[in-house]
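Asks: Just passing along the structure, written as structure tokens.
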Amino acid sequence: FSTEDLSKLHRLGLVDAQRRERIGPAESLLQYADRITIVDHHVESDSDIITNAGDVQQTDYIVEPVGAVSTMIVERLQAQQHKIQITEAEATLLALGIHADTGSLCFDSTTPRDAIALAWVMQQGASQVAIAEHAQPSLSPDQHGVLTQALINANSTVIHGVTVSTVLLSADGFINGLAAVTQDALELSSSDVF
């Protein structure tokens with residue numbers, strides 16, 4: 001973009017990000033926006049964008065305690081459903097967003113609001129075939145680190161023919177989705193119980 005093009009930037013939306021390190025190269029756009037809208041579900045994070053965005057005239061800060069930003073969007077669409085109809089593709093993308101952010105409703109941060117939003121987009125025609133193909137849960141870098149340490153440090157004992165593995169790990173902070181890590185550790189080890 002040229003500086004002239006950027007001078008026409010009036011509104012910038014940041015979704016699932018309220019810290020500069022999460023927006024990468026888009027950080028350079030902050031200085032050109034008259035208004036910034038931040039939509040996020042990480043209520044424990046403090047934004048460094050609002051206070052350091054230069055000449056921003058207004059910042060909309062929408063942060064709610066749900067498992068997925070897509071849930072927040074779905075709830076707003078539900079409130080306007082008499083005016084707005086979503087397509088199958090839109091419903092599918094929203095469903096995939098909920099699956100990705102909540103670990104298919106398995107992460108600790110998942111709320112009943114996420115489940116209700118997922119049910120609604122399914123009612124709107126979200127493609128179960130596409131969801132099954134693309135909603136494969138993947139581990140975050142922190143979760144991969146925990147999984148690696150769990151597999152390296154596991155202690156296994158056979159009790160009455162059942163292999164039981166245990167491990168004690170420490171982390172610098174909270175790591176979401178440890179149930180998925182434990183399931184992967186169980187599948188990758190020769191254990192019957194982990």
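By convention in this document, the chains of the structure tokens carry letters A, B, ... by their order, each chain's residues are numbered from 1, and ligands are numbered from 1 in the order they are shown.
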Could you give me, as number ranges by chain, the residues within 12 Å of Leu6 in chain A, counting only C-alpha atoms and dropping anything in the same chain fewer than 3 positions from it?

Replies: A: 1-3, 9-12, 26, 28-34

Asks: Please write the residues from the selection above to a file, keeping all heavy atoms, as a CSV table (one decimal), in the first residue's frame.

Replies:
```
chain,number,residue,atom,x,y,z
A,1,PHE,N,0.8,-1.2,0.0
A,1,PHE,CA,0.0,0.0,0.0
A,1,PHE,C,0.9,1.2,0.0
A,1,PHE,O,1.9,1.3,0.6
A,1,PHE,CB,-0.9,0.0,1.2
A,1,PHE,CG,-1.9,-1.1,1.3
A,1,PHE,CD1,-1.7,-2.1,2.2
A,1,PHE,CD2,-3.0,-1.0,0.5
A,1,PHE,CE1,-2.6,-3.1,2.2
A,1,PHE,CE2,-4.0,-2.0,0.6
A,1,PHE,CZ,-3.8,-3.1,1.4
A,2,SER,N,0.4,2.3,-0.7
A,2,SER,CA,1.1,3.5,-0.7
A,2,SER,C,0.7,4.3,0.6
A,2,SER,O,-0.4,4.1,1.2
A,2,SER,CB,0.9,4.3,-1.9
A,2,SER,OG,-0.5,4.8,-1.9
A,3,THR,N,1.5,5.3,0.9
A,3,THR,CA,1.1,6.2,2.0
A,3,THR,C,-0.2,6.9,1.7
A,3,THR,O,-1.0,7.1,2.6
A,3,THR,CB,2.2,7.2,2.3
A,3,THR,OG1,3.4,6.5,2.5
A,3,THR,CG2,1.9,8.1,3.5
A,9,LEU,N,-7.3,5.1,5.3
A,9,LEU,CA,-7.7,4.0,6.3
A,9,LEU,C,-8.4,4.7,7.5
A,9,LEU,O,-7.8,5.5,8.2
A,9,LEU,CB,-6.5,3.2,6.8
A,9,LEU,CG,-6.8,2.2,7.8
A,9,LEU,CD1,-7.7,1.1,7.2
A,9,LEU,CD2,-5.5,1.6,8.3
A,10,HIS,N,-9.7,4.5,7.6
A,10,HIS,CA,-10.4,5.1,8.7
A,10,HIS,C,-10.7,4.2,9.8
A,10,HIS,O,-10.7,4.6,11.0
A,10,HIS,CB,-11.8,5.7,8.2
A,10,HIS,CG,-11.6,6.8,7.2
A,10,HIS,ND1,-11.0,8.0,7.5
A,10,HIS,CD2,-11.8,6.8,5.8
A,10,HIS,CE1,-11.0,8.7,6.4
A,10,HIS,NE2,-11.4,8.0,5.4
A,11,ARG,N,-10.9,2.9,9.5
A,11,ARG,CA,-11.2,2.0,10.6
A,11,ARG,C,-10.4,0.7,10.4
A,11,ARG,O,-10.3,0.2,9.3
A,11,ARG,CB,-12.7,1.6,10.5
A,11,ARG,CG,-13.2,0.8,11.7
A,11,ARG,CD,-14.7,0.8,11.8
A,11,ARG,NE,-15.0,0.2,13.1
A,11,ARG,CZ,-16.2,0.3,13.5
A,11,ARG,NH1,-17.2,0.9,12.9
A,11,ARG,NH2,-16.5,-0.3,14.7
A,12,LEU,N,-9.9,0.2,11.5
A,12,LEU,CA,-9.1,-1.0,11.4
A,12,LEU,C,-9.7,-2.0,12.5
A,12,LEU,O,-9.9,-1.6,13.6
A,12,LEU,CB,-7.6,-0.7,11.8
A,12,LEU,CG,-6.6,-1.9,11.8
A,12,LEU,CD1,-6.5,-2.5,10.5
A,12,LEU,CD2,-5.3,-1.4,12.3
A,26,ALA,N,0.9,-6.2,10.5
A,26,ALA,CA,-0.3,-5.2,10.5
A,26,ALA,C,-0.1,-4.1,11.5
A,26,ALA,O,-0.8,-3.1,11.5
A,26,ALA,CB,-1.6,-6.0,10.8
A,28,SER,N,2.0,-1.9,11.7
A,28,SER,CA,2.4,-0.6,11.0
A,28,SER,C,1.1,0.1,10.6
A,28,SER,O,1.1,1.3,10.3
A,28,SER,CB,3.3,-0.8,9.8
A,28,SER,OG,2.6,-1.6,8.8
A,29,LEU,N,0.0,-0.6,10.4
A,29,LEU,CA,-1.3,0.1,10.0
A,29,LEU,C,-1.9,0.9,11.2
A,29,LEU,O,-2.8,1.7,10.9
A,29,LEU,CB,-2.3,-1.0,9.5
A,29,LEU,CG,-1.8,-1.8,8.3
A,29,LEU,CD1,-2.9,-2.8,8.0
A,29,LEU,CD2,-1.6,-0.9,7.1
A,30,LEU,N,-1.6,0.6,12.4
A,30,LEU,CA,-2.2,1.2,13.6
A,30,LEU,C,-2.1,2.8,13.5
A,30,LEU,O,-3.1,3.5,13.8
A,30,LEU,CB,-1.6,0.8,14.9
A,30,LEU,CG,-1.8,-0.7,15.2
A,30,LEU,CD1,-1.0,-1.1,16.5
A,30,LEU,CD2,-3.3,-1.0,15.5
A,31,GLN,N,-1.0,3.3,13.0
A,31,GLN,CA,-0.8,4.7,13.0
A,31,GLN,C,-1.7,5.4,12.0
A,31,GLN,O,-1.8,6.6,12.1
A,31,GLN,CB,0.7,5.0,12.7
A,31,GLN,CG,1.1,4.5,11.3
A,31,GLN,CD,2.6,4.7,11.1
A,31,GLN,OE1,3.2,5.7,11.5
A,31,GLN,NE2,3.3,3.7,10.5
A,32,TYR,N,-2.3,4.7,11.0
A,32,TYR,CA,-3.1,5.3,10.0
A,32,TYR,C,-4.6,5.3,10.3
A,32,TYR,O,-5.3,6.0,9.7
A,32,TYR,CB,-2.8,4.7,8.7
A,32,TYR,CG,-1.4,4.8,8.2
A,32,TYR,CD1,-0.5,3.8,8.3
A,32,TYR,CD2,-1.0,6.0,7.6
A,32,TYR,CE1,0.8,3.9,7.9
A,32,TYR,CE2,0.3,6.1,7.2
A,32,TYR,CZ,1.2,5.1,7.3
A,32,TYR,OH,2.5,5.2,6.9
A,33,ALA,N,-5.0,4.5,11.3
A,33,ALA,CA,-6.4,4.3,11.5
A,33,ALA,C,-7.0,5.4,12.4
A,33,ALA,O,-6.3,5.8,13.4
A,33,ALA,CB,-6.7,3.0,12.2
A,34,ASP,N,-8.1,6.0,12.1
A,34,ASP,CA,-8.8,6.9,12.9
A,34,ASP,C,-9.6,6.2,14.0
A,34,ASP,O,-9.8,6.7,15.1
A,34,ASP,CB,-9.9,7.7,12.1
A,34,ASP,CG,-9.2,8.6,11.1
A,34,ASP,OD1,-8.1,9.1,11.3
A,34,ASP,OD2,-9.8,8.8,10.0
```

Asks: Can you list, as a count of residues only, every protein, DNA or RNA residue that comes within 10 Å of Arg19 in chain A when you count only C-alpha atoms, leaving out same-chain residues fewer than 3 positions away?

Replies: 13

Asks: Here is a test: counting only C-alpha atoms, which residue of A:Lys8, A:His134, A:Arg76, A:Arg113 is nearest to Gly97 in chain A?

Replies: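 Among the listed residues, the smallest separation from Gly97 in chain A belongs to A:His134.
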
Asks: Would you give me, as CSV, each residue of range 121-149 of chain A having an atom within 8 Å of an atom of range 173-189 of chain A, along with its shortest atom pair and that distance in Å to one decimal, using only C-alpha atoms and sorting by chain and residue number?

Replies:
```
residue,atom,partner,partner_atom,distance
A:Leu139,CA,A:Val181,CA,7.5
A:Asp142,CA,A:Ile175,CA,6.9
A:Gln143,CA,A:Val181,CA,6.3
A:His144,CA,A:Val181,CA,7.7
A:Val146,CA,A:Val181,CA,7.4
A:Leu147,CA,A:Val181,CA,5.8
```

Asks: If you run DSSP on the backbone here, which positions in range 63-119 of chain A get helix (DSSP H, G or I)? Please write them as a count of residues only.

Replies: 34
